[in-house]
Amino acid sequence: METTSIQNVAVLGAGSMGQQIAMLSALGGFTTYLQDIDGESLSKAGQSLEARMDDWVKKEKISGEIKQAAFDKLHMTTDLKEAVESADIVIEAVVEKLDVKQEVFAELDKLAPKEAILATNSSSIVNSKVAEVTGRPDKVVNMHFFFPPLVMDCVEVVKSDQTSDETANAAVKFCEQLGRTAVLLEKEIYGFIANRLLFAISNEALYLYENGYADFEDIDIITKKALGHPLGPFELMDLSGIDVGYYANQQLYEETGDPKDKPAKSVEEKVKAGNLGRKTGKGWYEYSGNKKVKK
């Protein structure tokens with residue numbers, strides 16, 4: 001499928017990631033459906049996007065006319081069939097759990113047009129694991145947007161052995177139409193490129209913290225001051241969502257059975273306590289709105 005034929009886009013999951021991908025699509029001029037099973041989540045997504053776009057207009061990043069045109073293109077629904085029945089490309093951005101994603105893709109295979117591309121925004125799960133529940137593995141691909149998608153200029157597009165060149169190329173060109181740099185990975189690997197690098201840093205940071213070498217705040221300071229990173233590993237966990245990394249590690253552990261791949265104890269404790277980072281107001285740090293509270 002060429003991007004010239006992509007006109008209708010469906011994004012599944014109205015969380016922080018999904019809602020911004022949908023907004024990016026609408027800003028790109030595509031008729032876009034944002035679907036979630038929870039109407040309240042859709043309502044909150046709409047309010048969040050309105051506030052963000054109002055801020056962009058105020059800062060003259062976009063005009064009021066561009067904002068209105070984008071919202072005219074953006075539709076919200078709890079009905080999966082309505083969202084995907086005319087879609088040329090579907091981007092799944094639900095919880096980072098394989099069984100949930102497989103359920104979603106099995107439904108998509110029934111409801112979406114047979115020629116539609118089915119993409120997963122998973123940050124770690126390779127697309128072949130969701131493609132296996134569909135009858136169109138050649139049309140399935142990873143499109144990993146980085147958070148926050150409305151700001152970050154990068155998308156990892158990942159092929160499986162069965163993803164067609166046509167599908168991969170269409171996904172890359174679609175990203176470019178959204179004003180994003182797409183990088184194509186010709187082979188699948190757990191965690192792709194960016195997250196494999198980040199996993200190495202965060203796992204070492206958690207090891208140093210849990211074994212008492214330094215407090216997490218000091219590890220963040222060293223990472224930023226000495227290595228020049230904009231965020232420390234603990235700040236980044238809070239930004240991305242501590243639960244996202246936790247589920248990714250759980251999935252890896254289930255695949256490998258290697259104890260070193262299990263989520264860190266401190267991470268598991270935060271997930272069980274519901275302290276997931278910025279989105280809950282507390283993670284490694286505490287937040288007021290979207291700003292870190294200084295001690």
# chains A, B, ... in the order shown; residues from 1 in each chain; ligands from 1
>>> select_by_dssp(residues="stretch 73-267 of chain A", states="helix (DSSP H, G or I)", output="ChimeraX atom specification")
/A:73,80-84,98-111,128-131,137-139,165-177,194-210,216-227,233-240,242-256,259-261,265-267
>>> residues_around(residues="stretch 115-120 of chain A", least_positions_apart="3", cutoff="7 Å", atoms="only C-alpha atoms", output="ChimeraX atom specification")
/A:87-93,112,127,139-143,167
>>> closest_residue(among="A:Thr78, A:Ser202, A:Gln68, A:Asn211", to="A:Gly39", atoms="only C-alpha atoms")
A:Thr78
>>> atom_distance(atom1="atom CA of A:Ile242", atom2="atom CA of A:Asp55")
27.1 Å
>>> closest_atom_pairs(of="stretch 156-246 of chain A", to="stretch 5-27 of chain A", cutoff="10 Å", atoms="only C-alpha atoms", output="CSV")
residue,atom,partner,partner_atom,distance
A:Ala170,CA,A:Ile6,CA,8.8
A:Ala171,CA,A:Ile6,CA,9.9
A:Phe174,CA,A:Ile6,CA,7.9
A:Cys175,CA,A:Ser25,CA,9.2
A:Gln177,CA,A:Ser25,CA,8.9
A:Leu178,CA,A:Ser25,CA,6.4
A:Gly179,CA,A:Leu24,CA,8.8
A:Arg180,CA,A:Leu24,CA,9.7
A:Ser240,CA,A:Met17,CA,9.4
A:Gly241,CA,A:Ser16,CA,9.8
>>> atom_distance(atom1="atom CA of A:Val158", atom2="atom CA of A:Thr256")
21.1 Å
>>> atom_distance(atom1="atom CA of A:His75", atom2="atom CA of A:Thr32")
6.1 Å
>>> select_by_dssp(residues="stretch 8-119 of chain A", states="strand (DSSP E or B)", output="list in words")
Asn8, Val9, Ala10, Val11, Leu12, Thr31, Thr32, Tyr33, Leu34, Gln35, Leu74, His75, Met76, Thr77, Ile89, Val90, Ile91, Glu92, Ile117, Leu118 and Ala119 of chain A
>>> closest_residue(among="A:Lys58, A:His144, A:His229, A:Lys187", to="A:Lys159", atoms="only C-alpha atoms")
A:Lys187
>>> closest_atom_pairs(of="stretch 64-90 of chain A", to="stretch 42-48 of chain A", cutoff="12 Å", atoms="only C-alpha atoms", output="tab-separated table")
residue	atom	partner	partner_atom	distance
A:Phe71	CA	A:Gly46	CA	9.5
A:Leu74	CA	A:Gly46	CA	9.7
A:His75	CA	A:Gly46	CA	9.7
A:Met76	CA	A:Leu42	CA	6.7
A:Thr77	CA	A:Leu42	CA	7.6
A:Thr78	CA	A:Leu42	CA	8.1
A:Asp79	CA	A:Leu42	CA	11.6
>>> closest_residue(among="A:Pro149, A:Pro263, A:Gly135, A:Gly191", to="A:Ser122", atoms="only C-alpha atoms")
A:Gly191
>>> closest_residue(among="A:Tyr207, A:Phe145, A:Tyr246, A:Tyr253", to="A:Tyr190", atoms="only C-alpha atoms")
A:Tyr253
>>> closest_residue(among="A:Tyr33, A:Phe216, A:Phe234, A:Tyr247", to="A:Ser124", atoms="only C-alpha atoms")
A:Tyr247
>>> residues_around(residues="stretch 105-108 of chain A", least_positions_apart="6", cutoff="7 Å", atoms="only C-alpha atoms", output="count of residues only")
3
>>> closest_residue(among="A:Asn275, A:Ser63, A:Thr31, A:Asn169", to="A:Ser86", atoms="only C-alpha atoms")
A:Thr31
>>> decode(residues="stretch 29-41 of chain A", atoms="all heavy atoms", output="short mmCIF file (atom, residue, chain, number, x, y, z; two decimals), in the first residue's frame")
data_model
loop_
_atom_site.label_atom_id
_atom_site.label_comp_id
_atom_site.auth_asym_id
_atom_site.auth_seq_id
_atom_site.Cartn_x
_atom_site.Cartn_y
_atom_site.Cartn_z
N GLY A 29 -3.32 15.76 8.55
CA GLY A 29 -4.36 15.85 7.55
C GLY A 29 -5.14 14.57 7.31
O GLY A 29 -5.97 14.50 6.39
N PHE A 30 -4.90 13.54 8.13
CA PHE A 30 -5.58 12.26 7.95
C PHE A 30 -6.87 12.20 8.79
O PHE A 30 -6.88 12.65 9.94
CB PHE A 30 -4.66 11.10 8.37
CG PHE A 30 -3.43 10.98 7.52
CD1 PHE A 30 -2.25 11.59 7.90
CD2 PHE A 30 -3.46 10.27 6.33
CE1 PHE A 30 -1.11 11.49 7.11
CE2 PHE A 30 -2.33 10.16 5.54
CZ PHE A 30 -1.15 10.77 5.93
N THR A 31 -7.92 11.65 8.22
CA THR A 31 -9.12 11.36 9.00
C THR A 31 -8.74 10.29 10.02
O THR A 31 -8.27 9.21 9.65
CB THR A 31 -10.25 10.85 8.09
OG1 THR A 31 -10.58 11.88 7.16
CG2 THR A 31 -11.48 10.49 8.92
N THR A 32 -8.91 10.61 11.30
CA THR A 32 -8.36 9.77 12.36
C THR A 32 -9.41 9.42 13.40
O THR A 32 -10.12 10.30 13.89
CB THR A 32 -7.19 10.49 13.05
OG1 THR A 32 -6.22 10.88 12.07
CG2 THR A 32 -6.53 9.60 14.09
N TYR A 33 -9.49 8.14 13.73
CA TYR A 33 -10.34 7.68 14.82
C TYR A 33 -9.47 7.26 15.99
O TYR A 33 -8.52 6.48 15.81
CB TYR A 33 -11.21 6.50 14.38
CG TYR A 33 -12.45 6.91 13.62
CD1 TYR A 33 -12.40 7.19 12.26
CD2 TYR A 33 -13.68 7.04 14.29
CE1 TYR A 33 -13.55 7.59 11.58
CE2 TYR A 33 -14.82 7.43 13.62
CZ TYR A 33 -14.75 7.71 12.26
OH TYR A 33 -15.88 8.11 11.58
N LEU A 34 -9.77 7.78 17.17
CA LEU A 34 -9.11 7.35 18.40
C LEU A 34 -10.12 6.50 19.16
O LEU A 34 -11.21 6.98 19.51
CB LEU A 34 -8.69 8.55 19.24
CG LEU A 34 -8.06 8.24 20.61
CD1 LEU A 34 -6.79 7.41 20.46
CD2 LEU A 34 -7.77 9.53 21.37
N GLN A 35 -9.78 5.23 19.38
CA GLN A 35 -10.70 4.29 20.01
C GLN A 35 -10.18 3.82 21.35
O GLN A 35 -8.99 3.56 21.52
CB GLN A 35 -10.94 3.09 19.08
CG GLN A 35 -12.01 2.12 19.57
CD GLN A 35 -11.48 1.02 20.50
OE1 GLN A 35 -10.26 0.78 20.55
NE2 GLN A 35 -12.38 0.37 21.23
N ASP A 36 -11.08 3.71 22.30
CA ASP A 36 -10.75 3.13 23.61
C ASP A 36 -12.03 2.51 24.16
O ASP A 36 -13.13 3.00 23.88
CB ASP A 36 -10.23 4.21 24.56
CG ASP A 36 -9.49 3.63 25.76
OD1 ASP A 36 -10.15 3.05 26.66
OD2 ASP A 36 -8.25 3.74 25.81
N ILE A 37 -11.89 1.44 24.91
CA ILE A 37 -13.07 0.77 25.47
C ILE A 37 -13.69 1.59 26.60
O ILE A 37 -14.84 1.37 26.98
CB ILE A 37 -12.73 -0.65 25.99
CG1 ILE A 37 -11.64 -0.58 27.06
CG2 ILE A 37 -12.31 -1.55 24.85
CD1 ILE A 37 -11.36 -1.92 27.72
N ASP A 38 -12.94 2.56 27.13
CA ASP A 38 -13.38 3.37 28.26
C ASP A 38 -13.72 4.78 27.79
O ASP A 38 -12.84 5.54 27.39
CB ASP A 38 -12.28 3.41 29.32
CG ASP A 38 -12.67 4.18 30.57
OD1 ASP A 38 -13.86 4.54 30.69
OD2 ASP A 38 -11.79 4.45 31.41
N GLY A 39 -15.00 5.14 27.87
CA GLY A 39 -15.43 6.47 27.44
C GLY A 39 -14.80 7.59 28.24
O GLY A 39 -14.52 8.67 27.72
N GLU A 40 -14.56 7.34 29.53
CA GLU A 40 -13.95 8.36 30.38
C GLU A 40 -12.52 8.66 29.93
O GLU A 40 -12.09 9.80 29.94
CB GLU A 40 -13.97 7.92 31.84
CG GLU A 40 -13.45 8.99 32.79
CD GLU A 40 -13.54 8.58 34.26
OE1 GLU A 40 -14.19 7.55 34.54
OE2 GLU A 40 -12.97 9.29 35.09
N SER A 41 -11.81 7.60 29.52
CA SER A 41 -10.44 7.80 29.02
C SER A 41 -10.44 8.65 27.76
O SER A 41 -9.57 9.51 27.57
CB SER A 41 -9.79 6.44 28.73
OG SER A 41 -9.60 5.71 29.91
#
